[in-house]
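Undergrad: First the structure, which I've put down as C-alpha cells, then a few questions once you've had a look.
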Amino acid sequence: MDPFLAGSYLTVDLGALQENYRFLSSQSEMAECAAVVKADAYGLGLKEVGLALDAAGCRKFFVALPSEAVRLRKYLPAAEIFVLGGLFDGAENIYIDERITPVLNCLDEINRWSKATKEHGPLSAMIHLDTGITRLGLLQSDIEELNRNPHWLDGLEIRYIISHLACADTPEHPHNDFQLSELHRLRALLPPALHDVPVSFTNSCGIFLGPDFQFDLLRPGIALYGGNPVPGQKNPMKQVIHLQGKVLQVHDVDSKNAVGYGATWRCKENARVATVSVGYADGYFRALGDVGECAIENNKVSVIGRVSMDMISIDVTGLSEDKCQRGTLVSLIGGAIDLDELATQAGTISYELLTALGHRSHRRYINAVQ
Ligand SMILES: *Cc1c(COP(=O)(O)O)cnc(C)c1O
C-alpha cells in the first residue's frame, strides 16, 4: 500500500524481535528456545516474523492451528513446526505431507496418529499433559489408560512432553509450584518408554520463574513481540511495534462544544482538539475512549470522547501549535506509549491489543538481520 493512502502506520522492528529472541534464549543454559507464532505471529505478520526468527537461529515454531502451520511451511521449508491445537480430524495427510508435528492432546489423537504410522512409517509428535489449566492435555486417568495400552504409542517418536502454566504472570501464585510438582508426578506415571523424553513447560512469563521451570525447550510468544514477561518490574524486552496515526484536522474549540459521538466530552475552557485517523477498525480499542493516552514525540496527550471506527480525538491544548498540525504523526502503541500500560487502560492485555491490529495500517518491517 502506498503510505500516502494510509491513515496509520505500523512499524515492526524485526531487529528488536531478533534481539528479544536472543535475550530469551540466554535465560537458560540448558534449554533450546522455540517461538510461538500463532495468530499471525500475534498480529505482527507470520511471514516476516517467521523469516526473522529463523535468521536469528530459531528452529522450532509453535502455532495454534494446522492452517497456520501450512502457511508457515511455505516460508520456512526446514523449520520444525508444532501445532498446539492438536491433530485435527481428517487433516492427518496434510500434517504428513507438510511435515507438521502435532501436539497430541488426548488419547484419541494419540491413537489416530499411531494408526497413521502403519501406512506412513514413524511419525513425530509431542504429548501434552494437563497439569492444572484444564484446557488441553492428558489427565492422570488418560495416562493410566495409556499404560494399559502401551501399543497406542507404536510408531510414534515423542519429541517432547509439554505442559502449560495458568499463572506464570503472577510469580508468587502457589499454582505455579503446584503445576510444577504435578508435571513431575504425571511424568513419572507415563509409560516407561516416555520417561526420558525432554520437556517443554514455559511460556514467556514462565521462563522467568527460574531454572526449575525451564526444562529443555522454552516456548515464548508475547515477550518476543515486546510484551513484559515480568509484570510489575521493568520490561526487559525491546519494543517491537510502533503504531502511529495521522492528524487529519486540528480544531480550536470554544467552550460550548462537545467532542465525538454521544457528546460525552465537553470543553471546559477553550481547547485544541486534534482528530487522528485511527479507530477501532484499526485495532484501537473502543474502551480507550476518554481513558487512553497517546503521544506526540515525547508529549503524552489524552484521548477525549469516544473512539470512532476510523478516528479518535485527542486533547492537544497543552502543545504549541507547531507540534500538532495536519499530518503530524501520533504514537498510539510504542514510541512513548507502553504496550502493557495501554492494554491496562483498555481493560485488557497486550496479547489482545496485538492480535487485534487491523490491516488498514501501512506496514513497514525494519532492521531485520539476515
Ligand atoms: C500461546 C501459548 C504459549 C505462548 O505464551 P506467551 O504467554 O505468549 O509467551 C506457550 N504455550 C502454549 C501452550 C500457548 O498456548
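Ligands are numbered from 1 in the order shown, residues from 1 within each chain, and chains are lettered A, B, ... in the order they appear in the C-alpha cells.
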Produce as a JSON list (two decimals) with N, CA, C and O atoms, in the first residue's frame the set of residues near ligand 1, where near means within 9 Å with only C-alpha atoms and all ligand atoms considered.
TA:
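Result file is result-v5.json:
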[["chain", "number", "residue", "atom", "x", "y", "z"],
["A", 35, "ALA", "N", 9.74, -20.57, 19.28],
["A", 35, "ALA", "CA", 8.96, -19.33, 19.18],
["A", 35, "ALA", "C", 7.50, -19.70, 18.94],
["A", 35, "ALA", "O", 7.20, -20.59, 18.15],
["A", 36, "VAL", "N", 6.61, -19.01, 19.65],
["A", 36, "VAL", "CA", 5.18, -19.21, 19.41],
["A", 36, "VAL", "C", 4.72, -18.11, 18.44],
["A", 36, "VAL", "O", 4.86, -16.92, 18.72],
["A", 37, "VAL", "N", 4.23, -18.55, 17.29],
["A", 37, "VAL", "CA", 3.87, -17.60, 16.22],
["A", 37, "VAL", "C", 2.42, -17.77, 15.78],
["A", 37, "VAL", "O", 2.06, -17.47, 14.65],
["A", 38, "LYS", "N", 1.59, -18.25, 16.71],
["A", 38, "LYS", "CA", 0.16, -18.42, 16.41],
["A", 38, "LYS", "C", -0.48, -17.05, 16.12],
["A", 38, "LYS", "O", 0.10, -16.01, 16.46],
["A", 42, "TYR", "N", 1.05, -13.18, 16.55],
["A", 42, "TYR", "CA", 0.43, -12.21, 17.45],
["A", 42, "TYR", "C", 0.08, -10.92, 16.69],
["A", 42, "TYR", "O", 0.20, -9.81, 17.23],
["A", 62, "PHE", "N", 5.87, -22.90, 17.16],
["A", 62, "PHE", "CA", 4.55, -23.38, 17.58],
["A", 62, "PHE", "C", 3.46, -22.49, 16.97],
["A", 62, "PHE", "O", 3.57, -21.26, 17.03],
["A", 63, "VAL", "N", 2.43, -23.14, 16.44],
["A", 63, "VAL", "CA", 1.24, -22.42, 16.00],
["A", 63, "VAL", "C", 0.04, -23.06, 16.70],
["A", 63, "VAL", "O", 0.18, -24.11, 17.34],
["A", 64, "ALA", "N", -1.11, -22.43, 16.59],
["A", 64, "ALA", "CA", -2.31, -23.00, 17.23],
["A", 64, "ALA", "C", -3.01, -23.99, 16.31],
["A", 64, "ALA", "O", -3.52, -25.01, 16.76],
["A", 84, "LEU", "N", -0.17, -26.64, 18.40],
["A", 84, "LEU", "CA", -0.64, -26.74, 19.79],
["A", 84, "LEU", "C", -2.08, -27.27, 19.86],
["A", 84, "LEU", "O", -2.45, -27.94, 20.81],
["A", 85, "GLY", "N", -2.88, -26.93, 18.86],
["A", 85, "GLY", "CA", -4.29, -27.33, 18.88],
["A", 85, "GLY", "C", -4.50, -28.82, 18.72],
["A", 85, "GLY", "O", -5.62, -29.31, 18.90],
["A", 128, "HIS", "N", 0.95, -33.71, 25.31],
["A", 128, "HIS", "CA", 0.60, -32.62, 26.21],
["A", 128, "HIS", "C", 0.00, -33.20, 27.50],
["A", 128, "HIS", "O", -0.94, -33.99, 27.44],
["A", 136, "LEU", "N", -6.13, -28.23, 27.59],
["A", 136, "LEU", "CA", -5.76, -29.31, 26.69],
["A", 136, "LEU", "C", -4.75, -30.20, 27.40],
["A", 136, "LEU", "O", -3.96, -29.74, 28.22],
["A", 162, "ILE", "N", 4.90, -31.80, 26.79],
["A", 162, "ILE", "CA", 4.69, -30.39, 27.09],
["A", 162, "ILE", "C", 3.56, -30.20, 28.11],
["A", 162, "ILE", "O", 2.70, -31.07, 28.29],
["A", 163, "SER", "N", 3.62, -29.07, 28.79],
["A", 163, "SER", "CA", 2.51, -28.66, 29.64],
["A", 163, "SER", "C", 2.50, -27.13, 29.67],
["A", 163, "SER", "O", 3.46, -26.50, 29.23],
["A", 164, "HIS", "N", 1.40, -26.56, 30.16],
["A", 164, "HIS", "CA", 1.25, -25.10, 30.06],
["A", 164, "HIS", "C", 0.83, -24.53, 31.41],
["A", 164, "HIS", "O", -0.04, -25.08, 32.08],
["A", 165, "LEU", "N", 1.44, -23.42, 31.78],
["A", 165, "LEU", "CA", 1.19, -22.78, 33.07],
["A", 165, "LEU", "C", -0.02, -21.84, 33.00],
["A", 165, "LEU", "O", -0.19, -21.10, 32.03],
["A", 168, "ALA", "N", 1.64, -18.06, 35.22],
["A", 168, "ALA", "CA", 3.05, -17.68, 35.15],
["A", 168, "ALA", "C", 3.26, -16.18, 35.26],
["A", 168, "ALA", "O", 4.33, -15.72, 35.65],
["A", 169, "ASP", "N", 2.23, -15.38, 34.94],
["A", 169, "ASP", "CA", 2.38, -13.93, 35.04],
["A", 169, "ASP", "C", 2.28, -13.43, 36.48],
["A", 169, "ASP", "O", 2.41, -12.23, 36.73],
["A", 200, "SER", "N", 8.91, -29.48, 27.68],
["A", 200, "SER", "CA", 8.73, -28.05, 27.41],
["A", 200, "SER", "C", 7.59, -27.54, 28.29],
["A", 200, "SER", "O", 6.47, -28.06, 28.23],
["A", 201, "PHE", "N", 7.87, -26.54, 29.12],
["A", 201, "PHE", "CA", 6.88, -26.13, 30.13],
["A", 201, "PHE", "C", 6.56, -24.64, 30.09],
["A", 201, "PHE", "O", 5.46, -24.22, 30.42],
["A", 202, "THR", "N", 7.52, -23.79, 29.70],
["A", 202, "THR", "CA", 7.35, -22.36, 29.97],
["A", 202, "THR", "C", 6.97, -21.53, 28.75],
["A", 202, "THR", "O", 7.58, -21.62, 27.69],
["A", 203, "ASN", "N", 6.00, -20.67, 28.96],
["A", 203, "ASN", "CA", 5.71, -19.56, 28.05],
["A", 203, "ASN", "C", 6.62, -18.39, 28.45],
["A", 203, "ASN", "O", 7.55, -18.56, 29.25],
["A", 204, "SER", "N", 6.36, -17.19, 27.93],
["A", 204, "SER", "CA", 7.24, -16.05, 28.20],
["A", 204, "SER", "C", 7.46, -15.82, 29.69],
["A", 204, "SER", "O", 8.59, -15.76, 30.17],
["A", 205, "CYS", "N", 6.37, -15.67, 30.44],
["A", 205, "CYS", "CA", 6.50, -15.38, 31.87],
["A", 205, "CYS", "C", 7.13, -16.55, 32.61],
["A", 205, "CYS", "O", 7.92, -16.35, 33.54],
["A", 206, "GLY", "N", 6.81, -17.75, 32.19],
["A", 206, "GLY", "CA", 7.32, -18.94, 32.87],
["A", 206, "GLY", "C", 8.84, -19.02, 32.83],
["A", 206, "GLY", "O", 9.47, -19.53, 33.76],
["A", 207, "ILE", "N", 9.43, -18.52, 31.76],
["A", 207, "ILE", "CA", 10.89, -18.55, 31.63],
["A", 207, "ILE", "C", 11.53, -17.86, 32.83],
["A", 207, "ILE", "O", 12.58, -18.28, 33.32],
["A", 218, "LEU", "N", 12.04, -23.80, 25.65],
["A", 218, "LEU", "CA", 11.24, -22.64, 26.05],
["A", 218, "LEU", "C", 10.24, -22.32, 24.94],
["A", 218, "LEU", "O", 10.53, -22.51, 23.76],
["A", 219, "ARG", "N", 9.06, -21.82, 25.34],
["A", 219, "ARG", "CA", 8.00, -21.53, 24.34],
["A", 219, "ARG", "C", 7.48, -20.11, 24.47],
["A", 219, "ARG", "O", 6.29, -19.88, 24.69],
["A", 220, "PRO", "N", 8.32, -19.10, 24.32],
["A", 220, "PRO", "CA", 7.82, -17.73, 24.47],
["A", 220, "PRO", "C", 7.02, -17.28, 23.25],
["A", 220, "PRO", "O", 7.32, -17.65, 22.12],
["A", 221, "GLY", "N", 6.00, -16.47, 23.54],
["A", 221, "GLY", "CA", 5.27, -15.77, 22.49],
["A", 221, "GLY", "C", 5.39, -14.28, 22.74],
["A", 221, "GLY", "O", 6.28, -13.60, 22.24],
["A", 222, "ILE", "N", 4.56, -13.76, 23.63],
["A", 222, "ILE", "CA", 4.38, -12.31, 23.80],
["A", 222, "ILE", "C", 5.69, -11.56, 24.05],
["A", 222, "ILE", "O", 5.85, -10.43, 23.56],
["A", 223, "ALA", "N", 6.63, -12.15, 24.78],
["A", 223, "ALA", "CA", 7.87, -11.41, 25.09],
["A", 223, "ALA", "C", 8.68, -11.16, 23.83],
["A", 223, "ALA", "O", 9.37, -10.14, 23.72],
["A", 224, "LEU", "N", 8.59, -12.08, 22.86],
["A", 224, "LEU", "CA", 9.28, -11.85, 21.59],
["A", 224, "LEU", "C", 8.80, -10.56, 20.95],
["A", 224, "LEU", "O", 9.56, -9.83, 20.31],
["A", 225, "TYR", "N", 7.51, -10.29, 21.14],
["A", 225, "TYR", "CA", 6.87, -9.16, 20.46],
["A", 225, "TYR", "C", 6.87, -7.89, 21.31],
["A", 225, "TYR", "O", 6.21, -6.92, 20.98],
["A", 227, "GLY", "N", 6.01, -7.65, 24.72],
["A", 227, "GLY", "CA", 5.21, -7.66, 25.96],
["A", 227, "GLY", "C", 6.09, -7.95, 27.15],
["A", 227, "GLY", "O", 7.11, -8.64, 27.04],
["A", 229, "PRO", "N", 7.40, -9.79, 30.17],
["A", 229, "PRO", "CA", 7.26, -11.12, 30.77],
["A", 229, "PRO", "C", 7.44, -11.11, 32.29],
["A", 229, "PRO", "O", 7.31, -12.16, 32.92],
["A", 351, "TYR", "N", -1.62, -9.00, 24.64],
["A", 351, "TYR", "CA", -1.92, -10.02, 23.63],
["A", 351, "TYR", "C", -3.11, -9.61, 22.76],
["A", 351, "TYR", "O", -3.12, -9.79, 21.56]]
Undergrad: Out of region 189-315 of chain A, which residues get strand (DSSP E) from DSSP, as number ranges by chain?
TA: A: 199-200, 217-218, 241-253, 258-259, 265-266, 271-276, 293-296, 299-304, 312-315
Undergrad: For a test of reading the model, state the distance in Å between CA of Leu319 (chain A) and CA of Asp252 (chain A), rounded to one decimal.
TA: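 Interatomic distance, CA of Leu319 (chain A) to CA of Asp252 (chain A): 12.4 Å.
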Undergrad: So that I can see what lies close to region 69-79 of chain A, please list as a list in words the residues with an atom at most 10 Å from it, counting only C-alpha atoms and leaving out residues fewer than 4 positions away in the same chain.
TA: Val37, Lys38, Asp40, Leu46, Lys47, Glu48, Gly50, Leu51, Asp54, Cys58, Arg59, Lys60, Phe61, Phe62, Val63, Ala64, Leu65, Val83, Ile94, Tyr95, Asp97, Glu98, Arg99, Ile100, Thr101 and Pro102 of chain A
Undergrad: Could those selected residues go to a file with C-alpha atoms, as an mmCIF file, in the first residue's frame?
TA:
data_model
loop_
_atom_site.group_PDB
_atom_site.id
_atom_site.type_symbol
_atom_site.label_atom_id
_atom_site.label_comp_id
_atom_site.auth_asym_id
_atom_site.auth_seq_id
_atom_site.Cartn_x
_atom_site.Cartn_y
_atom_site.Cartn_z
ATOM 1 C CA VAL A 37 3.873 -17.602 16.222
ATOM 2 C CA LYS A 38 0.160 -18.415 16.405
ATOM 3 C CA ASP A 40 -0.287 -14.429 12.512
ATOM 4 C CA LEU A 46 3.696 -14.686 10.204
ATOM 5 C CA LYS A 47 5.935 -14.493 7.153
ATOM 6 C CA GLU A 48 8.119 -11.574 8.229
ATOM 7 C CA GLY A 50 8.992 -16.334 10.882
ATOM 8 C CA LEU A 51 11.815 -15.416 8.491
ATOM 9 C CA ASP A 54 14.733 -18.224 11.509
ATOM 10 C CA CYS A 58 15.175 -20.275 15.877
ATOM 11 C CA ARG A 59 14.467 -23.789 14.575
ATOM 12 C CA LYS A 60 11.212 -24.698 16.339
ATOM 13 C CA PHE A 61 7.905 -22.902 15.863
ATOM 14 C CA PHE A 62 4.551 -23.378 17.578
ATOM 15 C CA VAL A 63 1.240 -22.417 16.001
ATOM 16 C CA ALA A 64 -2.305 -22.997 17.229
ATOM 17 C CA LEU A 65 -3.902 -24.388 14.076
ATOM 18 C CA VAL A 83 0.510 -27.476 16.229
ATOM 19 C CA ILE A 94 -1.748 -32.748 5.410
ATOM 20 C CA TYR A 95 0.333 -32.960 8.593
ATOM 21 C CA ASP A 97 2.769 -34.069 3.558
ATOM 22 C CA GLU A 98 3.741 -30.739 5.121
ATOM 23 C CA ARG A 99 5.945 -32.363 7.821
ATOM 24 C CA ILE A 100 3.905 -30.790 10.600
ATOM 25 C CA THR A 101 4.197 -32.213 14.096
ATOM 26 C CA PRO A 102 1.021 -32.331 16.175
#
Undergrad: Name the closest residue to Arg159 (chain A) among the candidates A:Glu269, A:Asp177, A:Leu104, A:Thr117; distances are taken between atoms, counting only C-alpha atoms.
TA: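 With only C-alpha atoms as the atom set, the closest residue is A:Leu104.
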Undergrad: Near Ala56 (chain A), within 12 Å and counting only C-alpha atoms, which residues show up once chain neighbours fewer than 2 positions away are dropped, as an MDAnalysis selection string?
TA: chainID A and resid 14:25 33:35 49:54 58:60 224 368:370
Undergrad: Could you dump the residues just selected with N, CA and C atoms as an mmCIF file, in the first residue's frame?
TA:
data_model
loop_
_atom_site.group_PDB
_atom_site.id
_atom_site.type_symbol
_atom_site.label_atom_id
_atom_site.label_comp_id
_atom_site.auth_asym_id
_atom_site.auth_seq_id
_atom_site.Cartn_x
_atom_site.Cartn_y
_atom_site.Cartn_z
ATOM 1 N N LEU A 14 12.024 -5.715 13.219
ATOM 2 C CA LEU A 14 12.414 -7.131 13.238
ATOM 3 C C LEU A 14 13.776 -7.330 13.898
ATOM 4 N N GLY A 15 14.601 -6.281 13.885
ATOM 5 C CA GLY A 15 15.882 -6.358 14.604
ATOM 6 C C GLY A 15 15.637 -6.480 16.110
ATOM 7 N N ALA A 16 14.669 -5.720 16.613
ATOM 8 C CA ALA A 16 14.320 -5.814 18.040
ATOM 9 C C ALA A 16 13.738 -7.189 18.358
ATOM 10 N N LEU A 17 12.915 -7.714 17.442
ATOM 11 C CA LEU A 17 12.361 -9.071 17.617
ATOM 12 C C LEU A 17 13.495 -10.087 17.726
ATOM 13 N N GLN A 18 14.479 -9.967 16.844
ATOM 14 C CA GLN A 18 15.612 -10.901 16.857
ATOM 15 C C GLN A 18 16.411 -10.760 18.153
ATOM 16 N N GLU A 19 16.593 -9.527 18.627
ATOM 17 C CA GLU A 19 17.287 -9.333 19.914
ATOM 18 C C GLU A 19 16.486 -9.958 21.049
ATOM 19 N N ASN A 20 15.180 -9.797 21.003
ATOM 20 C CA ASN A 20 14.339 -10.404 22.041
ATOM 21 C C ASN A 20 14.481 -11.916 22.033
ATOM 22 N N TYR A 21 14.523 -12.499 20.832
ATOM 23 C CA TYR A 21 14.707 -13.958 20.750
ATOM 24 C C TYR A 21 16.023 -14.365 21.409
ATOM 25 N N ARG A 22 17.087 -13.630 21.096
ATOM 26 C CA ARG A 22 18.398 -13.990 21.667
ATOM 27 C C ARG A 22 18.421 -13.775 23.176
ATOM 28 N N PHE A 23 17.752 -12.712 23.639
ATOM 29 C CA PHE A 23 17.700 -12.458 25.078
ATOM 30 C C PHE A 23 16.968 -13.589 25.805
ATOM 31 N N LEU A 24 15.843 -14.025 25.234
ATOM 32 C CA LEU A 24 15.088 -15.112 25.877
ATOM 33 C C LEU A 24 15.896 -16.403 25.856
ATOM 34 N N SER A 25 16.570 -16.685 24.740
ATOM 35 C CA SER A 25 17.434 -17.879 24.652
ATOM 36 C C SER A 25 18.471 -17.863 25.754
ATOM 37 N N CYS A 33 15.435 -22.542 22.666
ATOM 38 C CA CYS A 33 14.321 -21.596 22.644
ATOM 39 C C CYS A 33 13.541 -21.730 21.334
ATOM 40 N N ALA A 34 12.255 -22.047 21.449
ATOM 41 C CA ALA A 34 11.349 -22.076 20.301
ATOM 42 C C ALA A 34 10.664 -20.717 20.212
ATOM 43 N N ALA A 35 9.738 -20.566 19.279
ATOM 44 C CA ALA A 35 8.961 -19.334 19.178
ATOM 45 C C ALA A 35 7.501 -19.700 18.941
ATOM 46 N N VAL A 49 7.849 -12.289 10.532
ATOM 47 C CA VAL A 49 8.321 -12.707 11.858
ATOM 48 C C VAL A 49 9.018 -14.071 11.769
ATOM 49 N N GLY A 50 8.405 -14.994 11.024
ATOM 50 C CA GLY A 50 8.992 -16.334 10.882
ATOM 51 C C GLY A 50 10.375 -16.273 10.255
ATOM 52 N N LEU A 51 10.512 -15.513 9.177
ATOM 53 C CA LEU A 51 11.815 -15.416 8.491
ATOM 54 C C LEU A 51 12.854 -14.751 9.395
ATOM 55 N N ALA A 52 12.445 -13.724 10.138
ATOM 56 C CA ALA A 52 13.396 -13.017 11.004
ATOM 57 C C ALA A 52 13.853 -13.919 12.149
ATOM 58 N N LEU A 53 12.934 -14.683 12.733
ATOM 59 C CA LEU A 53 13.318 -15.577 13.836
ATOM 60 C C LEU A 53 14.207 -16.709 13.318
ATOM 61 N N ASP A 54 13.893 -17.193 12.137
ATOM 62 C CA ASP A 54 14.733 -18.224 11.509
ATOM 63 C C ASP A 54 16.155 -17.687 11.338
ATOM 64 N N CYS A 58 16.295 -19.486 15.357
ATOM 65 C CA CYS A 58 15.175 -20.275 15.877
ATOM 66 C C CYS A 58 14.847 -21.406 14.898
ATOM 67 N N ARG A 59 14.733 -22.628 15.433
ATOM 68 C CA ARG A 59 14.467 -23.789 14.575
ATOM 69 C C ARG A 59 13.121 -24.434 14.853
ATOM 70 N N LYS A 60 12.473 -24.051 15.948
ATOM 71 C CA LYS A 60 11.212 -24.698 16.339
ATOM 72 C C LYS A 60 10.128 -23.640 16.512
ATOM 73 N N LEU A 224 8.585 -12.083 22.860
ATOM 74 C CA LEU A 224 9.284 -11.855 21.590
ATOM 75 C C LEU A 224 8.800 -10.561 20.951
ATOM 76 N N ALA A 368 15.687 -5.987 9.947
ATOM 77 C CA ALA A 368 15.919 -7.432 10.007
ATOM 78 C C ALA A 368 17.362 -7.727 9.654
ATOM 79 N N VAL A 369 18.002 -8.555 10.480
ATOM 80 C CA VAL A 369 19.351 -9.013 10.168
ATOM 81 C C VAL A 369 19.225 -10.389 9.532
ATOM 82 N N GLN A 370 19.759 -10.545 8.332
ATOM 83 C CA GLN A 370 19.615 -11.832 7.615
ATOM 84 C C GLN A 370 20.621 -12.864 8.101
#
Undergrad: Go through A:Leu329, A:Ala346, A:Val247, A:Val197 and flag the residue nearest Tyr160 (chain A), using only C-alpha atoms for the distances.
TA: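 Answer, going by the shortest atom-to-atom distance: A:Val197.
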Undergrad: Could you tell me which of A:Ala274, A:Met126, A:Cys167, A:Leu44 comes closest to Lys323 (chain A) if we count only C-alpha atoms?
TA: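 For Lys323 (chain A), the nearest of the given residues is A:Ala274.
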Undergrad: Pick out the residues sitting within 12 Å of Lys246 (chain A), and hand them over as a compact mmCIF listing (two decimals) with N, CA, C and O atoms, in the first residue's frame; count only C-alpha atoms, and ignore anything fewer than 4 positions along from it in its own chain.
TA:
# COMPACT_ATOMS: atom_id res chain seq x y z
N PRO A 3 2.08 4.59 1.18
CA PRO A 3 1.92 5.21 2.50
C PRO A 3 1.03 6.46 2.49
O PRO A 3 0.38 6.76 3.48
N PHE A 4 0.96 7.14 1.35
CA PHE A 4 0.12 8.35 1.31
C PHE A 4 -1.37 8.00 1.36
O PHE A 4 -2.19 8.86 1.60
N LEU A 5 -1.69 6.73 1.12
CA LEU A 5 -3.10 6.32 1.11
C LEU A 5 -3.57 5.86 2.48
O LEU A 5 -4.76 5.61 2.67
N ALA A 6 -2.65 5.73 3.43
CA ALA A 6 -2.99 5.13 4.73
C ALA A 6 -3.25 6.20 5.78
O ALA A 6 -2.73 7.31 5.71
N GLY A 7 -4.06 5.83 6.76
CA GLY A 7 -4.33 6.74 7.89
C GLY A 7 -3.44 6.45 9.08
O GLY A 7 -3.30 7.29 9.97
N SER A 8 -2.86 5.26 9.09
CA SER A 8 -1.99 4.91 10.22
C SER A 8 -0.83 4.06 9.71
O SER A 8 -0.89 3.47 8.62
N TYR A 9 0.21 4.00 10.53
CA TYR A 9 1.46 3.36 10.12
C TYR A 9 1.88 2.40 11.20
O TYR A 9 1.96 2.78 12.38
N LEU A 10 2.14 1.17 10.81
CA LEU A 10 2.62 0.18 11.77
C LEU A 10 4.04 -0.20 11.39
O LEU A 10 4.28 -0.76 10.32
N VAL A 250 -7.15 19.90 13.03
CA VAL A 250 -6.99 20.44 14.39
C VAL A 250 -8.05 21.53 14.58
O VAL A 250 -8.24 22.38 13.71
N ALA A 274 -7.36 17.62 18.35
CA ALA A 274 -6.91 17.08 17.07
C ALA A 274 -7.65 15.79 16.78
O ALA A 274 -7.91 14.98 17.68
N THR A 275 -8.00 15.61 15.50
CA THR A 275 -8.66 14.39 15.06
C THR A 275 -7.62 13.52 14.37
O THR A 275 -6.94 13.97 13.44
N VAL A 276 -7.48 12.28 14.85
CA VAL A 276 -6.42 11.38 14.37
C VAL A 276 -7.07 10.22 13.64
O VAL A 276 -8.06 9.66 14.10
N SER A 277 -6.49 9.84 12.50
CA SER A 277 -7.15 8.84 11.69
C SER A 277 -6.75 7.42 12.09
O SER A 277 -6.02 6.72 11.39
N VAL A 278 -7.27 7.01 13.23
CA VAL A 278 -7.19 5.62 13.67
C VAL A 278 -8.44 5.38 14.50
O VAL A 278 -8.92 6.30 15.17
N GLY A 279 -8.96 4.19 14.45
CA GLY A 279 -10.17 3.90 15.22
C GLY A 279 -10.24 2.44 15.56
O GLY A 279 -9.27 1.70 15.37
N ALA A 295 0.84 9.88 22.25
CA ALA A 295 1.96 10.81 22.41
C ALA A 295 2.32 11.45 21.09
O ALA A 295 2.26 10.83 20.03
N ILE A 296 2.68 12.73 21.18
CA ILE A 296 3.28 13.42 20.04
C ILE A 296 4.72 13.66 20.43
O ILE A 296 4.98 14.36 21.43
N ASP A 310 -13.04 4.97 12.67
CA ASP A 310 -11.87 5.40 11.90
C ASP A 310 -11.12 6.56 12.53
O ASP A 310 -10.13 7.02 11.96
N MET A 311 -11.58 7.07 13.65
CA MET A 311 -10.99 8.29 14.21
C MET A 311 -11.01 8.29 15.72
O MET A 311 -11.89 7.70 16.34
N ILE A 312 -10.04 9.03 16.28
CA ILE A 312 -10.11 9.41 17.69
C ILE A 312 -9.85 10.90 17.78
O ILE A 312 -9.32 11.52 16.84
N SER A 313 -10.23 11.48 18.92
CA SER A 313 -9.92 12.88 19.20
C SER A 313 -8.95 12.91 20.36
O SER A 313 -9.06 12.12 21.30
N ILE A 314 -7.99 13.84 20.27
CA ILE A 314 -7.03 13.98 21.37
C ILE A 314 -6.96 15.44 21.79
O ILE A 314 -7.19 16.35 20.98
N CYS A 324 1.52 20.19 16.67
CA CYS A 324 0.40 19.36 16.25
C CYS A 324 -0.37 20.06 15.14
O CYS A 324 -1.12 21.01 15.39
N GLN A 325 -0.15 19.57 13.93
CA GLN A 325 -0.79 20.15 12.75
C GLN A 325 -1.32 19.01 11.89
O GLN A 325 -1.07 17.85 12.18
N ARG A 326 -2.02 19.39 10.82
CA ARG A 326 -2.44 18.35 9.87
C ARG A 326 -1.20 17.58 9.45
O ARG A 326 -0.17 18.15 9.11
N GLY A 327 -1.29 16.25 9.48
CA GLY A 327 -0.17 15.43 9.03
C GLY A 327 0.78 14.99 10.14
O GLY A 327 1.57 14.07 9.94
N THR A 328 0.70 15.64 11.30
CA THR A 328 1.55 15.22 12.43
C THR A 328 1.24 13.76 12.78
O THR A 328 0.09 13.33 12.77
N LEU A 329 2.31 13.01 13.10
CA LEU A 329 2.11 11.61 13.49
C LEU A 329 2.00 11.50 15.01
O LEU A 329 2.74 12.14 15.76
N VAL A 330 1.05 10.68 15.44
CA VAL A 330 0.76 10.49 16.87
C VAL A 330 1.07 9.03 17.23
O VAL A 330 0.56 8.11 16.58
N SER A 331 1.90 8.84 18.25
CA SER A 331 2.20 7.46 18.70
C SER A 331 1.02 6.91 19.47
O SER A 331 0.58 7.50 20.46
N LEU A 332 0.51 5.77 19.01
CA LEU A 332 -0.64 5.14 19.66
C LEU A 332 -0.23 3.93 20.48
O LEU A 332 -0.71 3.70 21.58
N SER A 361 -3.55 -0.31 8.31
CA SER A 361 -2.34 0.48 8.53
C SER A 361 -1.32 0.16 7.45
O SER A 361 -1.24 -0.98 6.97
N HIS A 362 -0.53 1.15 7.10
CA HIS A 362 0.61 0.88 6.22
C HIS A 362 1.68 0.20 7.06
O HIS A 362 2.10 0.73 8.09
Undergrad: For Ile337 (chain A), list every protein, DNA or RNA residue within 12 Å, evaluated using only C-alpha atoms, and leave out those in the same chain fewer than 3 positions away; present the list as a list of chain:residue names.
TA: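 Surrounding residues, per the criterion: A:Gln239, A:Ile241, A:His242, A:Leu243, A:Gln244, A:Gly292, A:Glu293, A:Cys294, A:Ala295, A:Ile296, A:Glu297, A:Asn298, A:Asn299, A:Lys300, A:Val301, A:Ser302, A:Val330, A:Ser331, A:Leu332, A:Ile333, A:Gly334, A:Asp340, A:Glu341, A:Leu342, A:Ala343, A:Thr344, A:Gln345.
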Undergrad: When DSSP is applied to the backbone of this structure, which of region 179-365 of chain A are assigned helix (DSSP H, G or I)? Write them out as a ChimeraX atom specification.
TA: /A:179-189,192-194,204-207,211-214,222-225,261-263,280-282,286-288,321-323,339-345,350-355
Undergrad: Pick out the residues sitting within 9 Å of region 257-268 of chain A, and hand them over as a list in words; count only C-alpha atoms, and ignore anything fewer than 6 positions along from it in its own chain.
TA: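 Once the adjacent positions are removed, what remains is Asp290, Ile304, Gly305, Arg306, Val307, Ser308, Ile312 and Ser313 of chain A.
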Undergrad: Considering only C-alpha atoms, state which residue in the set A:Leu186, A:Val291, A:Ala91, A:Leu107 is at the smallest distance from Leu129 (chain A).
TA: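 Checking each candidate against Leu129 (chain A), we get A:Leu186 as the closest.
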